[in-house]
Amino acid sequence: MIGPLVEPESVPEWLRPLVKVSGEVDSKTFTRFSPPEDAYTRPAAVLILFGEREADGEPDVLLQRRADTLGSHAGQVAFPGGGAEDGDGGPIGTALREAEEETGVVPSGVRPVAVLPELFVPVSGFAVTPVLAHWAEPSPVHAVDPAETASVARVAIADLVDPANRFTVQKKGMPWKGPAFEVGGLFVWGFTAGLLSVLLGLGGWERDWDPDDVRDLDEALAAFQARVKG
């Protein structure tokens with residue numbers, strides 16, 4: 001099922017626009033990539049978990065940074081998630097299981113509210129289903145397995161939409177370019193940044209920012225790492 005899983009009026013007001021629009025979008029809303037005909041794709045799911053900060057009640061989203069020692073996507077920021085396994089019962093089960101295994105989220109406190117269209121990720125061959133959820137009963141989170149996850153963070157939506165934290169990255173010699181964020185001690189780019197960028201717009205949170213601020217990916221990442229270490 002794609003679209004709302006609950007009545008939009010049953011979620012916090014700030015989350016309602018995303019729940020309402022979830023049934024009106026397709027994969028082209030988020031990505032220009034589609035799997036080649038007859039190509040084998042691996043089913044996967046990610047949990048896009050929105051909560052409210054205890055201090056001020058403002059919305060945030062759960063992100064994690066992958067371990068630097070991993071063979072693929074090392075050091076990259078991502079939503080909790082991964083490949084489907086027998087017994088998951090569908091993308092919601094996959095997303096909740098992976099989130100618990102990676103960040104320690106207690107699934108009973110998470111309320112799935114919508115399912116987005118399946119998105120193809122060419123570099124991995126995964127067909128990823130994003131699951132939107134409200135963190136109805138927040139639980140402590142941490143990097144459960146340091147061999148897989150370097151850190152876990154709740155990032156404020158207000159910080160993500162701050163124009164000072166947004167720019168575009170491009171890799172030398174490649175036509176691809178996409179949105180990026182420097183926020184909460186994280187450098188977010190690639191699939192996660194692209195998905196976040198669209199969701200911020202669909203949710204009505206986006207502020208004017210400069211998409212023409214284009215930076216070389218490797219140089220921007222190196223500069224960011226130098227600032228963090230310094």
# chains A, B, ... in the order shown; residues from 1 in each chain; ligands from 1
$ select_by_dssp --residues "range 13-219 of chain A" --states "strand (DSSP E or B)" --output "ChimeraX atom specification"
/A:42-52,59-66,77-78,81-83,110-115,119-121,126-135,149-156,166-170,177-183,186-188,214-216
$ residues_around --residues "Asp212 in chain A" --least-positions-apart "3" --cutoff "12 Å" --atoms "only C-alpha atoms" --output "list in words"
Arg166, Phe167, Thr168, Val169, Gln170, Lys177, Gly178, Pro179, Asp208, Trp209 and Arg215 of chain A
$ closest_atom_pairs --of "range 68-110 of chain A" --to "range 28-50 of chain A" --cutoff "6 Å" --atoms "only C-alpha atoms" --output "CSV"
residue,atom,partner,partner_atom,distance
A:Phe79,CA,A:Val46,CA,5.9
A:Pro80,CA,A:Leu47,CA,5.6
A:Gly81,CA,A:Val46,CA,4.0
A:Gly82,CA,A:Ala44,CA,5.3
A:Gly83,CA,A:Ala44,CA,4.1
A:Ala84,CA,A:Ala44,CA,5.0
A:Pro91,CA,A:Ala45,CA,5.4
A:Thr94,CA,A:Ala45,CA,6.0
A:Ala95,CA,A:Leu47,CA,5.0
$ closest_atom_pairs --of "range 131-202 of chain A" --to "range 96-114 of chain A" --cutoff "7 Å" --atoms "only C-alpha atoms" --output "JSON lines"
{"residue": "A:Val131", "atom": "CA", "partner": "A:Ala114", "partner_atom": "CA", "distance": 6.1}
{"residue": "A:Leu132", "atom": "CA", "partner": "A:Ala114", "partner_atom": "CA", "distance": 5.1}
{"residue": "A:Ala133", "atom": "CA", "partner": "A:Pro112", "partner_atom": "CA", "distance": 4.0}
{"residue": "A:His134", "atom": "CA", "partner": "A:Arg111", "partner_atom": "CA", "distance": 5.2}
{"residue": "A:Trp135", "atom": "CA", "partner": "A:Val110", "partner_atom": "CA", "distance": 4.8}
{"residue": "A:Ala136", "atom": "CA", "partner": "A:Gly109", "partner_atom": "CA", "distance": 5.6}
{"residue": "A:Glu137", "atom": "CA", "partner": "A:Gly109", "partner_atom": "CA", "distance": 4.3}
{"residue": "A:Pro138", "atom": "CA", "partner": "A:Gly109", "partner_atom": "CA", "distance": 6.2}
{"residue": "A:Ser139", "atom": "CA", "partner": "A:Val105", "partner_atom": "CA", "distance": 6.1}
{"residue": "A:Pro140", "atom": "CA", "partner": "A:Val105", "partner_atom": "CA", "distance": 7.0}
{"residue": "A:Val141", "atom": "CA", "partner": "A:Gly104", "partner_atom": "CA", "distance": 5.2}
{"residue": "A:His142", "atom": "CA", "partner": "A:Thr103", "partner_atom": "CA", "distance": 5.1}
{"residue": "A:Ala143", "atom": "CA", "partner": "A:Thr103", "partner_atom": "CA", "distance": 5.3}
{"residue": "A:Val144", "atom": "CA", "partner": "A:Glu102", "partner_atom": "CA", "distance": 5.4}
{"residue": "A:Asp145", "atom": "CA", "partner": "A:Glu102", "partner_atom": "CA", "distance": 6.7}
{"residue": "A:Thr149", "atom": "CA", "partner": "A:Glu102", "partner_atom": "CA", "distance": 6.8}
{"residue": "A:Val152", "atom": "CA", "partner": "A:Thr103", "partner_atom": "CA", "distance": 6.6}
$ write_last_selection --atoms "N, CA, C and O atoms" --output "PDB file, in the first residue's frame"
ATOM      1  N   VAL A 131       9.351   4.638   4.575  1.00  0.00           N
ATOM      2  CA  VAL A 131       8.211   4.562   5.482  1.00  0.00           C
ATOM      3  C   VAL A 131       8.249   5.783   6.400  1.00  0.00           C
ATOM      4  O   VAL A 131       9.214   5.975   7.148  1.00  0.00           O
ATOM      5  N   LEU A 132       7.217   6.621   6.317  1.00  0.00           N
ATOM      6  CA  LEU A 132       7.130   7.787   7.193  1.00  0.00           C
ATOM      7  C   LEU A 132       6.494   7.367   8.508  1.00  0.00           C
ATOM      8  O   LEU A 132       5.522   6.606   8.535  1.00  0.00           O
ATOM      9  N   ALA A 133       7.051   7.880   9.604  1.00  0.00           N
ATOM     10  CA  ALA A 133       6.520   7.494  10.912  1.00  0.00           C
ATOM     11  C   ALA A 133       6.611   8.658  11.888  1.00  0.00           C
ATOM     12  O   ALA A 133       7.456   9.550  11.753  1.00  0.00           O
ATOM     13  N   HIS A 134       5.718   8.623  12.880  1.00  0.00           N
ATOM     14  CA  HIS A 134       5.736   9.598  13.974  1.00  0.00           C
ATOM     15  C   HIS A 134       6.246   8.904  15.225  1.00  0.00           C
ATOM     16  O   HIS A 134       5.802   7.803  15.569  1.00  0.00           O
ATOM     17  N   TRP A 135       7.180   9.541  15.888  1.00  0.00           N
ATOM     18  CA  TRP A 135       7.761   8.977  17.112  1.00  0.00           C
ATOM     19  C   TRP A 135       6.844   9.325  18.277  1.00  0.00           C
ATOM     20  O   TRP A 135       7.066  10.274  19.017  1.00  0.00           O
ATOM     21  N   ALA A 136       5.792   8.544  18.422  1.00  0.00           N
ATOM     22  CA  ALA A 136       4.768   8.840  19.425  1.00  0.00           C
ATOM     23  C   ALA A 136       5.299   8.728  20.847  1.00  0.00           C
ATOM     24  O   ALA A 136       4.928   9.506  21.731  1.00  0.00           O
ATOM     25  N   GLU A 137       6.164   7.751  21.079  1.00  0.00           N
ATOM     26  CA  GLU A 137       6.771   7.555  22.398  1.00  0.00           C
ATOM     27  C   GLU A 137       8.281   7.409  22.200  1.00  0.00           C
ATOM     28  O   GLU A 137       8.784   6.298  22.025  1.00  0.00           O
ATOM     29  N   PRO A 138       9.011   8.532  22.208  1.00  0.00           N
ATOM     30  CA  PRO A 138      10.453   8.490  21.932  1.00  0.00           C
ATOM     31  C   PRO A 138      11.212   7.614  22.924  1.00  0.00           C
ATOM     32  O   PRO A 138      10.851   7.515  24.096  1.00  0.00           O
ATOM     33  N   SER A 139      12.252   6.978  22.415  1.00  0.00           N
ATOM     34  CA  SER A 139      13.125   6.139  23.238  1.00  0.00           C
ATOM     35  C   SER A 139      14.561   6.587  22.989  1.00  0.00           C
ATOM     36  O   SER A 139      14.867   7.189  21.959  1.00  0.00           O
ATOM     37  N   PRO A 140      15.468   6.308  23.924  1.00  0.00           N
ATOM     38  CA  PRO A 140      16.874   6.657  23.708  1.00  0.00           C
ATOM     39  C   PRO A 140      17.412   5.924  22.484  1.00  0.00           C
ATOM     40  O   PRO A 140      17.016   4.791  22.199  1.00  0.00           O
ATOM     41  N   VAL A 141      18.312   6.574  21.751  1.00  0.00           N
ATOM     42  CA  VAL A 141      18.922   5.948  20.582  1.00  0.00           C
ATOM     43  C   VAL A 141      20.441   6.053  20.683  1.00  0.00           C
ATOM     44  O   VAL A 141      20.975   6.945  21.331  1.00  0.00           O
ATOM     45  N   HIS A 142      21.109   5.118  20.022  1.00  0.00           N
ATOM     46  CA  HIS A 142      22.565   5.084  20.033  1.00  0.00           C
ATOM     47  C   HIS A 142      23.033   4.182  18.892  1.00  0.00           C
ATOM     48  O   HIS A 142      22.233   3.470  18.286  1.00  0.00           O
ATOM     49  N   ALA A 143      24.320   4.223  18.615  1.00  0.00           N
ATOM     50  CA  ALA A 143      24.884   3.334  17.602  1.00  0.00           C
ATOM     51  C   ALA A 143      24.994   1.939  18.208  1.00  0.00           C
ATOM     52  O   ALA A 143      25.878   1.667  19.022  1.00  0.00           O
ATOM     53  N   VAL A 144      24.074   1.060  17.834  1.00  0.00           N
ATOM     54  CA  VAL A 144      24.010  -0.270  18.444  1.00  0.00           C
ATOM     55  C   VAL A 144      25.269  -1.072  18.138  1.00  0.00           C
ATOM     56  O   VAL A 144      25.857  -1.695  19.025  1.00  0.00           O
ATOM     57  N   ASP A 145      25.685  -1.080  16.872  1.00  0.00           N
ATOM     58  CA  ASP A 145      26.878  -1.821  16.460  1.00  0.00           C
ATOM     59  C   ASP A 145      27.857  -0.845  15.815  1.00  0.00           C
ATOM     60  O   ASP A 145      27.671  -0.452  14.663  1.00  0.00           O
ATOM     61  N   THR A 149      27.457   1.380  12.470  1.00  0.00           N
ATOM     62  CA  THR A 149      26.944   2.734  12.661  1.00  0.00           C
ATOM     63  C   THR A 149      27.905   3.531  13.535  1.00  0.00           C
ATOM     64  O   THR A 149      28.220   3.110  14.657  1.00  0.00           O
ATOM     65  N   VAL A 152      24.383   8.339  15.829  1.00  0.00           N
ATOM     66  CA  VAL A 152      22.950   8.511  15.599  1.00  0.00           C
ATOM     67  C   VAL A 152      22.569   9.889  16.114  1.00  0.00           C
ATOM     68  O   VAL A 152      23.049  10.320  17.165  1.00  0.00           O
TER      69      VAL A 152
END
$ closest_residue --among "A:Leu5, A:Ala164, A:Val123, A:Val228" --to "Gly190 in chain A" --atoms "only C-alpha atoms"
A:Val123
$ closest_residue --among "A:Ala78, A:Val61, A:Ile92, A:Ala223" --to "Ile157 in chain A" --atoms "only C-alpha atoms"
A:Val61
$ atom_distance --atom1 "CA of Val115 in chain A" --atom2 "CA of Thr192 in chain A"
16.2 Å
$ closest_residue --among "A:Lys171, A:Asp68, A:Glu182, A:Trp205" --to "Asp218 in chain A" --atoms "only C-alpha atoms"
A:Lys171
$ closest_residue --among "A:Ala153, A:Val25, A:Val121, A:Leu63" --to "Val77 in chain A" --atoms "only C-alpha atoms"
A:Leu63
$ residues_around --residues "Asp60 in chain A" --least-positions-apart "6" --cutoff "9 Å" --atoms "only C-alpha atoms" --output "JSON, numbers by chain"
{"A": [49, 50, 51, 52, 53, 154, 155, 156, 157, 158]}
$ write_last_selection --atoms "all heavy atoms" --output "PDB file, in the first residue's frame"
ATOM      1  N   LEU A  49      11.762   8.790  10.463  1.00  0.00           N
ATOM      2  CA  LEU A  49      11.100   8.907  11.759  1.00  0.00           C
ATOM      3  C   LEU A  49      11.135  10.356  12.251  1.00  0.00           C
ATOM      4  O   LEU A  49      12.185  10.897  12.585  1.00  0.00           O
ATOM      5  CB  LEU A  49      11.799   7.990  12.766  1.00  0.00           C
ATOM      6  CG  LEU A  49      11.221   7.949  14.182  1.00  0.00           C
ATOM      7  CD1 LEU A  49       9.736   7.585  14.157  1.00  0.00           C
ATOM      8  CD2 LEU A  49      12.002   6.953  15.039  1.00  0.00           C
ATOM      9  N   PHE A  50       9.955  10.961  12.292  1.00  0.00           N
ATOM     10  CA  PHE A  50       9.813  12.333  12.761  1.00  0.00           C
ATOM     11  C   PHE A  50       9.337  12.341  14.206  1.00  0.00           C
ATOM     12  O   PHE A  50       8.399  11.619  14.573  1.00  0.00           O
ATOM     13  CB  PHE A  50       8.783  13.091  11.907  1.00  0.00           C
ATOM     14  CG  PHE A  50       9.206  13.313  10.486  1.00  0.00           C
ATOM     15  CD1 PHE A  50       8.705  12.514   9.464  1.00  0.00           C
ATOM     16  CD2 PHE A  50      10.094  14.325  10.160  1.00  0.00           C
ATOM     17  CE1 PHE A  50       9.080  12.738   8.141  1.00  0.00           C
ATOM     18  CE2 PHE A  50      10.480  14.545   8.836  1.00  0.00           C
ATOM     19  CZ  PHE A  50       9.974  13.749   7.832  1.00  0.00           C
ATOM     20  N   GLY A  51       9.986  13.183  15.015  1.00  0.00           N
ATOM     21  CA  GLY A  51       9.574  13.340  16.400  1.00  0.00           C
ATOM     22  C   GLY A  51       9.527  14.799  16.780  1.00  0.00           C
ATOM     23  O   GLY A  51       9.671  15.687  15.933  1.00  0.00           O
ATOM     24  N   GLU A  52       9.322  15.054  18.058  1.00  0.00           N
ATOM     25  CA  GLU A  52       9.350  16.420  18.571  1.00  0.00           C
ATOM     26  C   GLU A  52      10.434  16.533  19.625  1.00  0.00           C
ATOM     27  O   GLU A  52      10.563  15.655  20.488  1.00  0.00           O
ATOM     28  CB  GLU A  52       8.000  16.808  19.197  1.00  0.00           C
ATOM     29  CG  GLU A  52       6.879  16.912  18.189  1.00  0.00           C
ATOM     30  CD  GLU A  52       5.874  15.766  18.296  1.00  0.00           C
ATOM     31  OE1 GLU A  52       6.256  14.676  18.781  1.00  0.00           O
ATOM     32  OE2 GLU A  52       4.721  15.950  17.885  1.00  0.00           O
ATOM     33  N   ARG A  53      11.220  17.611  19.536  1.00  0.00           N
ATOM     34  CA  ARG A  53      12.270  17.827  20.523  1.00  0.00           C
ATOM     35  C   ARG A  53      11.649  18.106  21.879  1.00  0.00           C
ATOM     36  O   ARG A  53      10.687  18.867  22.000  1.00  0.00           O
ATOM     37  CB  ARG A  53      13.172  18.987  20.107  1.00  0.00           C
ATOM     38  CG  ARG A  53      13.962  18.688  18.838  1.00  0.00           C
ATOM     39  CD  ARG A  53      15.008  19.748  18.560  1.00  0.00           C
ATOM     40  NE  ARG A  53      14.412  21.070  18.371  1.00  0.00           N
ATOM     41  CZ  ARG A  53      15.105  22.147  18.009  1.00  0.00           C
ATOM     42  NH1 ARG A  53      16.396  22.063  17.812  1.00  0.00           N
ATOM     43  NH2 ARG A  53      14.493  23.306  17.836  1.00  0.00           N
ATOM     44  N   ARG A 154      19.290  13.062  16.297  1.00  0.00           N
ATOM     45  CA  ARG A 154      17.995  13.647  16.000  1.00  0.00           C
ATOM     46  C   ARG A 154      18.255  15.061  15.502  1.00  0.00           C
ATOM     47  O   ARG A 154      18.756  15.904  16.244  1.00  0.00           O
ATOM     48  CB  ARG A 154      17.101  13.653  17.241  1.00  0.00           C
ATOM     49  CG  ARG A 154      16.780  12.262  17.751  1.00  0.00           C
ATOM     50  CD  ARG A 154      15.857  12.297  18.973  1.00  0.00           C
ATOM     51  NE  ARG A 154      14.575  12.911  18.682  1.00  0.00           N
ATOM     52  CZ  ARG A 154      13.513  12.852  19.493  1.00  0.00           C
ATOM     53  NH1 ARG A 154      13.615  12.202  20.643  1.00  0.00           N
ATOM     54  NH2 ARG A 154      12.382  13.442  19.171  1.00  0.00           N
ATOM     55  N   VAL A 155      17.943  15.303  14.234  1.00  0.00           N
ATOM     56  CA  VAL A 155      18.278  16.575  13.591  1.00  0.00           C
ATOM     57  C   VAL A 155      17.017  17.421  13.435  1.00  0.00           C
ATOM     58  O   VAL A 155      16.014  16.960  12.879  1.00  0.00           O
ATOM     59  CB  VAL A 155      18.932  16.335  12.220  1.00  0.00           C
ATOM     60  CG1 VAL A 155      19.229  17.665  11.530  1.00  0.00           C
ATOM     61  CG2 VAL A 155      20.210  15.518  12.383  1.00  0.00           C
ATOM     62  N   ALA A 156      17.072  18.646  13.921  1.00  0.00           N
ATOM     63  CA  ALA A 156      15.910  19.535  13.866  1.00  0.00           C
ATOM     64  C   ALA A 156      15.567  19.911  12.434  1.00  0.00           C
ATOM     65  O   ALA A 156      16.456  20.224  11.638  1.00  0.00           O
ATOM     66  CB  ALA A 156      16.183  20.795  14.683  1.00  0.00           C
ATOM     67  N   ILE A 157      14.291  19.896  12.111  1.00  0.00           N
ATOM     68  CA  ILE A 157      13.836  20.326  10.792  1.00  0.00           C
ATOM     69  C   ILE A 157      14.230  21.788  10.559  1.00  0.00           C
ATOM     70  O   ILE A 157      14.622  22.170   9.459  1.00  0.00           O
ATOM     71  CB  ILE A 157      12.309  20.168  10.663  1.00  0.00           C
ATOM     72  CG1 ILE A 157      11.907  18.680  10.798  1.00  0.00           C
ATOM     73  CG2 ILE A 157      11.814  20.742   9.343  1.00  0.00           C
ATOM     74  CD1 ILE A 157      12.506  17.776   9.753  1.00  0.00           C
ATOM     75  N   ALA A 158      14.165  22.609  11.600  1.00  0.00           N
ATOM     76  CA  ALA A 158      14.534  24.023  11.475  1.00  0.00           C
ATOM     77  C   ALA A 158      15.976  24.183  11.026  1.00  0.00           C
ATOM     78  O   ALA A 158      16.310  25.115  10.281  1.00  0.00           O
ATOM     79  CB  ALA A 158      14.304  24.743  12.800  1.00  0.00           C
TER      80      ALA A 158
END
$ select_by_dssp --residues "range 3-211 of chain A" --states "alpha helix (DSSP H)" --output "short mmCIF file (atom, residue, chain, number, x, y, z; two decimals) with N, CA and C atoms, in the first residue's frame"
data_model
loop_
_atom_site.label_atom_id
_atom_site.label_comp_id
_atom_site.auth_asym_id
_atom_site.auth_seq_id
_atom_site.Cartn_x
_atom_site.Cartn_y
_atom_site.Cartn_z
N ARG A 16 0.94 16.72 9.11
CA ARG A 16 -0.21 16.42 8.27
C ARG A 16 0.02 16.62 6.78
N PRO A 17 0.68 17.71 6.36
CA PRO A 17 0.88 17.87 4.91
C PRO A 17 1.59 16.69 4.26
N LEU A 18 2.59 16.11 4.93
CA LEU A 18 3.29 14.97 4.36
C LEU A 18 2.40 13.74 4.28
N VAL A 19 1.61 13.51 5.31
CA VAL A 19 0.71 12.36 5.29
C VAL A 19 -0.31 12.51 4.17
N LYS A 20 -0.86 13.71 4.03
CA LYS A 20 -1.88 13.95 3.01
C LYS A 20 -1.33 13.76 1.60
N VAL A 21 -0.10 14.24 1.36
CA VAL A 21 0.45 14.21 0.00
C VAL A 21 1.05 12.86 -0.35
N PRO A 91 7.55 -3.72 3.80
CA PRO A 91 8.50 -2.64 4.07
C PRO A 91 8.40 -2.02 5.45
N ILE A 92 7.21 -1.97 6.02
CA ILE A 92 7.08 -1.40 7.37
C ILE A 92 7.84 -2.24 8.37
N GLY A 93 7.68 -3.56 8.27
CA GLY A 93 8.41 -4.45 9.15
C GLY A 93 9.91 -4.35 8.96
N THR A 94 10.35 -4.23 7.70
CA THR A 94 11.78 -4.09 7.41
C THR A 94 12.32 -2.81 8.03
N ALA A 95 11.61 -1.71 7.83
CA ALA A 95 12.07 -0.41 8.33
C ALA A 95 12.17 -0.41 9.86
N LEU A 96 11.17 -0.95 10.53
CA LEU A 96 11.18 -0.98 11.99
C LEU A 96 12.27 -1.89 12.53
N ARG A 97 12.43 -3.05 11.91
CA ARG A 97 13.48 -3.99 12.36
C ARG A 97 14.86 -3.38 12.22
N GLU A 98 15.12 -2.81 11.05
CA GLU A 98 16.43 -2.21 10.80
C GLU A 98 16.69 -1.04 11.75
N ALA A 99 15.68 -0.22 12.00
CA ALA A 99 15.86 0.91 12.90
C ALA A 99 16.20 0.45 14.32
N GLU A 100 15.55 -0.61 14.76
CA GLU A 100 15.84 -1.14 16.08
C GLU A 100 17.26 -1.70 16.13
N GLU A 101 17.65 -2.44 15.08
CA GLU A 101 18.98 -3.05 15.06
C GLU A 101 20.10 -2.02 14.97
N GLU A 102 19.84 -0.91 14.28
CA GLU A 102 20.90 0.07 14.04
C GLU A 102 20.95 1.19 15.08
N THR A 103 19.79 1.61 15.58
CA THR A 103 19.75 2.78 16.46
C THR A 103 19.15 2.52 17.83
N ILE A 157 14.29 19.90 12.11
CA ILE A 157 13.84 20.33 10.79
C ILE A 157 14.23 21.79 10.56
N ALA A 158 14.17 22.61 11.60
CA ALA A 158 14.53 24.02 11.48
C ALA A 158 15.98 24.18 11.03
N ASP A 159 16.86 23.30 11.47
CA ASP A 159 18.26 23.36 11.05
C ASP A 159 18.43 22.90 9.61
N LEU A 160 17.66 21.89 9.21
CA LEU A 160 17.75 21.40 7.84
C LEU A 160 17.30 22.45 6.82
N GLY A 190 23.76 12.71 -1.34
CA GLY A 190 23.31 11.48 -1.99
C GLY A 190 21.82 11.21 -1.83
N PHE A 191 21.49 9.92 -1.78
CA PHE A 191 20.09 9.50 -1.72
C PHE A 191 19.35 10.14 -0.55
N THR A 192 19.98 10.16 0.61
CA THR A 192 19.33 10.69 1.82
C THR A 192 19.04 12.17 1.69
N ALA A 193 20.03 12.94 1.21
CA ALA A 193 19.83 14.38 1.05
C ALA A 193 18.76 14.67 0.00
N GLY A 194 18.76 13.89 -1.10
CA GLY A 194 17.76 14.10 -2.13
C GLY A 194 16.35 13.86 -1.61
N LEU A 195 16.20 12.79 -0.84
CA LEU A 195 14.89 12.47 -0.28
C LEU A 195 14.47 13.52 0.74
N LEU A 196 15.40 13.92 1.59
CA LEU A 196 15.10 14.96 2.58
C LEU A 196 14.68 16.26 1.91
N SER A 197 15.41 16.64 0.86
CA SER A 197 15.13 17.90 0.18
C SER A 197 13.70 17.93 -0.35
N VAL A 198 13.26 16.84 -0.97
CA VAL A 198 11.89 16.78 -1.49
C VAL A 198 10.88 16.80 -0.35
N LEU A 199 11.14 16.07 0.71
CA LEU A 199 10.20 16.00 1.83
C LEU A 199 10.04 17.35 2.52
N LEU A 200 11.13 18.10 2.62
CA LEU A 200 11.05 19.43 3.24
C LEU A 200 10.12 20.33 2.45
N GLY A 201 10.16 20.20 1.12
CA GLY A 201 9.26 20.98 0.29
C GLY A 201 7.82 20.51 0.39
N LEU A 202 7.62 19.20 0.31
CA LEU A 202 6.26 18.65 0.40
C LEU A 202 5.62 18.92 1.76
#
$ atom_distance --atom1 "CA of Ser27 in chain A" --atom2 "CA of Leu119 in chain A"
5.9 Å
$ closest_residue --among "A:Glu206, A:Glu148, A:Asp216, A:Asp88" --to "Val161 in chain A" --atoms "only C-alpha atoms"
A:Glu206
$ decode --residues "range 6-13 of chain A" --atoms "all heavy atoms" --output "PDB file, in the first residue's frame"
ATOM      1  N   VAL A   6      -2.866   6.299   8.143  1.00  0.00           N
ATOM      2  CA  VAL A   6      -3.716   6.819   9.216  1.00  0.00           C
ATOM      3  C   VAL A   6      -4.463   8.040   8.694  1.00  0.00           C
ATOM      4  O   VAL A   6      -4.136   8.593   7.643  1.00  0.00           O
ATOM      5  CB  VAL A   6      -2.876   7.213  10.455  1.00  0.00           C
ATOM      6  CG1 VAL A   6      -2.104   6.015  10.999  1.00  0.00           C
ATOM      7  CG2 VAL A   6      -1.910   8.352  10.118  1.00  0.00           C
ATOM      8  N   GLU A   7      -5.452   8.475   9.439  1.00  0.00           N
ATOM      9  CA  GLU A   7      -6.132   9.721   9.103  1.00  0.00           C
ATOM     10  C   GLU A   7      -5.181  10.888   9.382  1.00  0.00           C
ATOM     11  O   GLU A   7      -4.595  10.955  10.465  1.00  0.00           O
ATOM     12  CB  GLU A   7      -7.400   9.881   9.948  1.00  0.00           C
ATOM     13  CG  GLU A   7      -8.515   8.917   9.577  1.00  0.00           C
ATOM     14  CD  GLU A   7      -9.028   9.168   8.173  1.00  0.00           C
ATOM     15  OE1 GLU A   7      -9.006  10.342   7.730  1.00  0.00           O
ATOM     16  OE2 GLU A   7      -9.453   8.202   7.511  1.00  0.00           O
ATOM     17  N   PRO A   8      -4.992  11.785   8.420  1.00  0.00           N
ATOM     18  CA  PRO A   8      -4.063  12.894   8.627  1.00  0.00           C
ATOM     19  C   PRO A   8      -4.343  13.704   9.889  1.00  0.00           C
ATOM     20  O   PRO A   8      -3.415  14.200  10.544  1.00  0.00           O
ATOM     21  CB  PRO A   8      -4.247  13.749   7.368  1.00  0.00           C
ATOM     22  CG  PRO A   8      -4.686  12.771   6.325  1.00  0.00           C
ATOM     23  CD  PRO A   8      -5.553  11.784   7.060  1.00  0.00           C
ATOM     24  N   GLU A   9      -5.606  13.835  10.248  1.00  0.00           N
ATOM     25  CA  GLU A   9      -5.959  14.618  11.429  1.00  0.00           C
ATOM     26  C   GLU A   9      -5.494  13.968  12.723  1.00  0.00           C
ATOM     27  O   GLU A   9      -5.515  14.600  13.783  1.00  0.00           O
ATOM     28  CB  GLU A   9      -7.472  14.848  11.486  1.00  0.00           C
ATOM     29  CG  GLU A   9      -8.014  15.789  10.414  1.00  0.00           C
ATOM     30  CD  GLU A   9      -7.985  15.179   9.015  1.00  0.00           C
ATOM     31  OE1 GLU A   9      -7.967  13.927   8.911  1.00  0.00           O
ATOM     32  OE2 GLU A   9      -7.975  15.948   8.038  1.00  0.00           O
ATOM     33  N   SER A  10      -5.064  12.700  12.648  1.00  0.00           N
ATOM     34  CA  SER A  10      -4.649  11.999  13.862  1.00  0.00           C
ATOM     35  C   SER A  10      -3.165  12.183  14.174  1.00  0.00           C
ATOM     36  O   SER A  10      -2.685  11.673  15.177  1.00  0.00           O
ATOM     37  CB  SER A  10      -4.963  10.502  13.741  1.00  0.00           C
ATOM     38  OG  SER A  10      -4.105   9.876  12.792  1.00  0.00           O
ATOM     39  N   VAL A  11      -2.446  12.891  13.303  1.00  0.00           N
ATOM     40  CA  VAL A  11      -1.022  13.139  13.547  1.00  0.00           C
ATOM     41  C   VAL A  11      -0.843  14.605  13.910  1.00  0.00           C
ATOM     42  O   VAL A  11      -1.749  15.425  13.700  1.00  0.00           O
ATOM     43  CB  VAL A  11      -0.173  12.777  12.315  1.00  0.00           C
ATOM     44  CG1 VAL A  11      -0.412  11.332  11.906  1.00  0.00           C
ATOM     45  CG2 VAL A  11      -0.445  13.716  11.155  1.00  0.00           C
ATOM     46  N   PRO A  12       0.313  14.967  14.468  1.00  0.00           N
ATOM     47  CA  PRO A  12       0.548  16.377  14.791  1.00  0.00           C
ATOM     48  C   PRO A  12       0.362  17.262  13.561  1.00  0.00           C
ATOM     49  O   PRO A  12       0.636  16.856  12.432  1.00  0.00           O
ATOM     50  CB  PRO A  12       2.001  16.393  15.270  1.00  0.00           C
ATOM     51  CG  PRO A  12       2.230  15.009  15.795  1.00  0.00           C
ATOM     52  CD  PRO A  12       1.434  14.106  14.903  1.00  0.00           C
ATOM     53  N   GLU A  13      -0.081  18.491  13.789  1.00  0.00           N
ATOM     54  CA  GLU A  13      -0.406  19.387  12.684  1.00  0.00           C
ATOM     55  C   GLU A  13       0.766  19.581  11.735  1.00  0.00           C
ATOM     56  O   GLU A  13       0.579  19.659  10.515  1.00  0.00           O
ATOM     57  CB  GLU A  13      -0.859  20.739  13.241  1.00  0.00           C
ATOM     58  CG  GLU A  13      -1.353  21.699  12.188  1.00  0.00           C
ATOM     59  CD  GLU A  13      -1.940  22.967  12.780  1.00  0.00           C
ATOM     60  OE1 GLU A  13      -2.006  23.067  14.018  1.00  0.00           O
ATOM     61  OE2 GLU A  13      -2.329  23.852  11.994  1.00  0.00           O
TER      62      GLU A  13
END
